[in-house]
Amino acid sequence: MTDATADYAAWIGRQETTDDDMSVAPARAAAATLDDTRTRFGNGSALPPLWHWFYFLPRAPQALLGDDGHPQRGGFMPPIPYPRRMFAGARMRFHAPLLIGEAARREALIRDIRLKSGRSGALAFVSVLCRFYQNGRLCIEEEQDIVYREPGPAVPCPRVLDWPLLPAGSSTRIVTPDARLLFRFSALTFNAHRIHYDRPYAINEEGYPGLVVHGPLTAVLLMELVRQQFARTVQGFSFRGLAPLFDLAPFRLVCAANGDELSLAAQGPDGTTAMSATAELASVP
């Protein structure tokens, strides 16, 4: 460990446990938000991949929220002072689906904290390992990459250009984000970060040209494209955020299959990849 990370040494190895009764209400609310009118959820139903993000939510008291809407740091997460916080990526394995109506537990562990200097200034990377258990069985393993960074220059408004041609056999969907969708997703995940619903704050305080689309929302929409196109079980998923998306223009989801592996991307209005992802399907017997 370098001197730059010595102040945060006490947070490496820190653990947090969260229990959830896995009620049906969040799943039904998520289905409504994602325009899923086909799936019926009740006790015993399996959660679709990534929908565990609608459970095990942090519940910081209102008095402990910072001005940006995030819980004040220094509890489970380290007190890194950089104001811009992003869920930048994750890698996960799905061993068994979580079932609605049966109590489950999330065990989180801070594995590593690294500070770096990039073109946009100082950065801090926090690696968090999450394991989800139900009925004594490990269901999901997820390693999250949380990134903090210093304030930087204002982010320019995205250009709107023609999207590149799709590879043969690709599946695609055009998403038009708006404040209603972003507000509902914030509510589903109990996320009070103001960049997703408070336009004056996002523009004047954090330098964005509009409301910011949640990284997890983009990942969920990519997974929903997989669910719509493939009936096979998803065994693994990883994603990496490369650039922000805003509620100023549509973006495109793309899925291309290569055997049991799917290559996924969310393309901004200028055609650049804002999020890349891969999904691994269970092999056909």
# chains A, B, ... in the order shown; residues from 1 in each chain; ligands from 1
call {"tool": "residues_around", "arguments": {"residues": "Phe246 in chain A", "least_positions_apart": "4", "cutoff": "10 Å", "atoms": "only C-alpha atoms", "output": "PyMOL selection string"}}
result
chain A and resi 157-158+176-179+182+196+208-214+250-251+268-269
call {"tool": "residues_around", "arguments": {"residues": "range 17-30 of chain A", "least_positions_apart": "2", "cutoff": "8 Å", "atoms": "only C-alpha atoms", "output": "list in words"}}
result
Gln15, Ala32, Thr33, Leu34, Phe41, Gly42, Asn43, Leu47, Trp51, Phe54, Tyr55, Phe56, Leu99, Ile100, Gly101, Glu102, Ala103, Ala104, Arg105, Arg106, Glu107, Ala108, Phe185 and Leu188 of chain A
call {"tool": "atom_distance", "arguments": {"atom1": "CA of Arg85 in chain A", "atom2": "CA of Leu221 in chain A"}}
result
21.0 Å
call {"tool": "select_by_dssp", "arguments": {"residues": "range 93-285 of chain A", "states": "helix (DSSP H, G or I)", "output": "MDAnalysis selection string"}}
result
chainID A and resid 179:188 194:196 199:204 215:229
call {"tool": "select_by_dssp", "arguments": {"residues": "range 36-181 of chain A", "states": "strand (DSSP E)", "output": "count of residues only"}}
result
58
call {"tool": "residues_around", "arguments": {"residues": "Arg137 in chain A", "least_positions_apart": "3", "cutoff": "10 Å", "atoms": "only C-alpha atoms", "output": "VMD selection string"}}
result
chain A and resid 95 to 96 98 104 132 to 134 140
call {"tool": "residues_around", "arguments": {"residues": "Pro216 in chain A", "least_positions_apart": "5", "cutoff": "10 Å", "atoms": "only C-alpha atoms", "output": "JSON, numbers by chain"}}
result
{"A": [50, 53, 86, 87, 88, 89, 90, 185, 189, 221, 222, 239, 241]}
call {"tool": "residues_around", "arguments": {"residues": "Glu280 in chain A", "least_positions_apart": "5", "cutoff": "8 Å", "atoms": "only C-alpha atoms", "output": "PDB file with N, CA, C and O atoms, in the first residue's frame"}}
result
ATOM      1  N   VAL A 234     -28.709 -16.955 -17.709  1.00  0.00           N
ATOM      2  CA  VAL A 234     -27.480 -16.160 -17.697  1.00  0.00           C
ATOM      3  C   VAL A 234     -26.638 -16.602 -16.506  1.00  0.00           C
ATOM      4  O   VAL A 234     -27.087 -16.565 -15.362  1.00  0.00           O
ATOM      5  N   GLN A 235     -25.403 -17.023 -16.763  1.00  0.00           N
ATOM      6  CA  GLN A 235     -24.507 -17.501 -15.705  1.00  0.00           C
ATOM      7  C   GLN A 235     -23.514 -16.439 -15.256  1.00  0.00           C
ATOM      8  O   GLN A 235     -23.065 -16.455 -14.105  1.00  0.00           O
ATOM      9  N   GLY A 236     -23.163 -15.537 -16.140  1.00  0.00           N
ATOM     10  CA  GLY A 236     -22.183 -14.509 -15.797  1.00  0.00           C
ATOM     11  C   GLY A 236     -22.494 -13.224 -16.522  1.00  0.00           C
ATOM     12  O   GLY A 236     -23.108 -13.215 -17.597  1.00  0.00           O
ATOM     13  N   PHE A 237     -22.079 -12.119 -15.916  1.00  0.00           N
ATOM     14  CA  PHE A 237     -22.298 -10.804 -16.524  1.00  0.00           C
ATOM     15  C   PHE A 237     -21.234  -9.864 -16.007  1.00  0.00           C
ATOM     16  O   PHE A 237     -20.871  -9.898 -14.822  1.00  0.00           O
ATOM     17  N   ASP A 260     -21.999 -19.121 -26.744  1.00  0.00           N
ATOM     18  CA  ASP A 260     -22.614 -18.913 -25.429  1.00  0.00           C
ATOM     19  C   ASP A 260     -22.303 -17.547 -24.845  1.00  0.00           C
ATOM     20  O   ASP A 260     -22.786 -17.211 -23.765  1.00  0.00           O
ATOM     21  N   GLU A 261     -21.504 -16.746 -25.534  1.00  0.00           N
ATOM     22  CA  GLU A 261     -21.125 -15.429 -25.011  1.00  0.00           C
ATOM     23  C   GLU A 261     -21.786 -14.327 -25.830  1.00  0.00           C
ATOM     24  O   GLU A 261     -21.810 -14.380 -27.065  1.00  0.00           O
ATOM     25  N   LEU A 262     -22.313 -13.341 -25.128  1.00  0.00           N
ATOM     26  CA  LEU A 262     -22.952 -12.206 -25.763  1.00  0.00           C
ATOM     27  C   LEU A 262     -22.102 -10.965 -25.547  1.00  0.00           C
ATOM     28  O   LEU A 262     -21.630 -10.702 -24.438  1.00  0.00           O
TER      29      LEU A 262
END
call {"tool": "residues_around", "arguments": {"residues": "Ala192 in chain A", "least_positions_apart": "2", "cutoff": "9 Å", "atoms": "only C-alpha atoms", "output": "mmCIF file with N, CA, C and O atoms, in the first residue's frame"}}
result
data_model
loop_
_atom_site.group_PDB
_atom_site.id
_atom_site.type_symbol
_atom_site.label_atom_id
_atom_site.label_comp_id
_atom_site.auth_asym_id
_atom_site.auth_seq_id
_atom_site.Cartn_x
_atom_site.Cartn_y
_atom_site.Cartn_z
ATOM 1 N N LEU A 65 -27.635 12.557 4.933
ATOM 2 C CA LEU A 65 -27.353 12.704 3.506
ATOM 3 C C LEU A 65 -26.524 13.961 3.266
ATOM 4 O O LEU A 65 -26.757 14.994 3.885
ATOM 5 N N ASP A 68 -25.134 16.392 -2.041
ATOM 6 C CA ASP A 68 -25.350 15.767 -3.348
ATOM 7 C C ASP A 68 -26.391 14.662 -3.299
ATOM 8 O O ASP A 68 -26.777 14.124 -4.330
ATOM 9 N N GLY A 69 -26.865 14.315 -2.087
ATOM 10 C CA GLY A 69 -27.853 13.264 -1.938
ATOM 11 C C GLY A 69 -27.287 11.931 -1.518
ATOM 12 O O GLY A 69 -28.026 11.029 -1.116
ATOM 13 N N HIS A 70 -25.968 11.766 -1.586
ATOM 14 C CA HIS A 70 -25.341 10.528 -1.137
ATOM 15 C C HIS A 70 -25.257 10.495 0.388
ATOM 16 O O HIS A 70 -25.111 11.548 1.028
ATOM 17 N N PRO A 71 -25.330 9.304 0.996
ATOM 18 C CA PRO A 71 -25.052 9.218 2.433
ATOM 19 C C PRO A 71 -23.649 9.732 2.730
ATOM 20 O O PRO A 71 -22.720 9.542 1.934
ATOM 21 N N SER A 186 -34.362 5.947 -9.597
ATOM 22 C CA SER A 186 -33.807 6.431 -8.332
ATOM 23 C C SER A 186 -34.654 5.962 -7.157
ATOM 24 O O SER A 186 -34.130 5.554 -6.115
ATOM 25 N N ALA A 187 -35.978 6.013 -7.317
ATOM 26 C CA ALA A 187 -36.863 5.567 -6.245
ATOM 27 C C ALA A 187 -36.726 4.068 -6.008
ATOM 28 O O ALA A 187 -36.696 3.606 -4.857
ATOM 29 N N THR A 189 -34.174 2.194 -6.364
ATOM 30 C CA THR A 189 -32.896 1.871 -5.737
ATOM 31 C C THR A 189 -32.603 2.743 -4.511
ATOM 32 O O THR A 189 -31.510 2.673 -3.957
ATOM 33 N N PHE A 190 -33.593 3.548 -4.092
ATOM 34 C CA PHE A 190 -33.464 4.435 -2.930
ATOM 35 C C PHE A 190 -32.193 5.276 -3.040
ATOM 36 O O PHE A 190 -31.427 5.445 -2.105
ATOM 37 N N ARG A 194 -28.489 13.571 -6.620
ATOM 38 C CA ARG A 194 -29.292 14.595 -7.293
ATOM 39 C C ARG A 194 -29.003 14.719 -8.784
ATOM 40 O O ARG A 194 -29.814 15.304 -9.526
ATOM 41 N N ILE A 195 -27.897 14.191 -9.265
ATOM 42 C CA ILE A 195 -27.592 14.309 -10.693
ATOM 43 C C ILE A 195 -28.605 13.568 -11.561
ATOM 44 O O ILE A 195 -28.681 13.806 -12.766
ATOM 45 N N HIS A 196 -29.415 12.684 -10.948
ATOM 46 C CA HIS A 196 -30.358 11.884 -11.727
ATOM 47 C C HIS A 196 -31.757 12.486 -11.800
ATOM 48 O O HIS A 196 -32.578 12.024 -12.593
ATOM 49 N N TYR A 197 -32.060 13.496 -10.963
ATOM 50 C CA TYR A 197 -33.426 14.030 -10.973
ATOM 51 C C TYR A 197 -33.497 15.548 -10.757
ATOM 52 O O TYR A 197 -34.540 16.149 -10.967
#
call {"tool": "closest_residue", "arguments": {"among": "A:Asp162, A:Asp67, A:Asp247, A:Glu224", "to": "Tyr201 in chain A", "atoms": "only C-alpha atoms"}}
result
A:Asp67
call {"tool": "closest_residue", "arguments": {"among": "A:Thr39, A:Ser171, A:Asn204, A:Thr278", "to": "Phe230 in chain A", "atoms": "only C-alpha atoms"}}
result
A:Ser171
call {"tool": "closest_residue", "arguments": {"among": "A:Ala266, A:Ala249, A:Ile174, A:Leu181", "to": "Thr218 in chain A", "atoms": "only C-alpha atoms"}}
result
A:Ala266
call {"tool": "atom_distance", "arguments": {"atom1": "CA of Tyr148 in chain A", "atom2": "CA of Lys116 in chain A"}}
result
10.4 Å
call {"tool": "residues_around", "arguments": {"residues": "Thr272 in chain A", "least_positions_apart": "2", "cutoff": "10 Å", "atoms": "only C-alpha atoms", "output": "PyMOL selection string"}}
result
chain A and resi 161+163-164+242-243+251+265-270+274-275
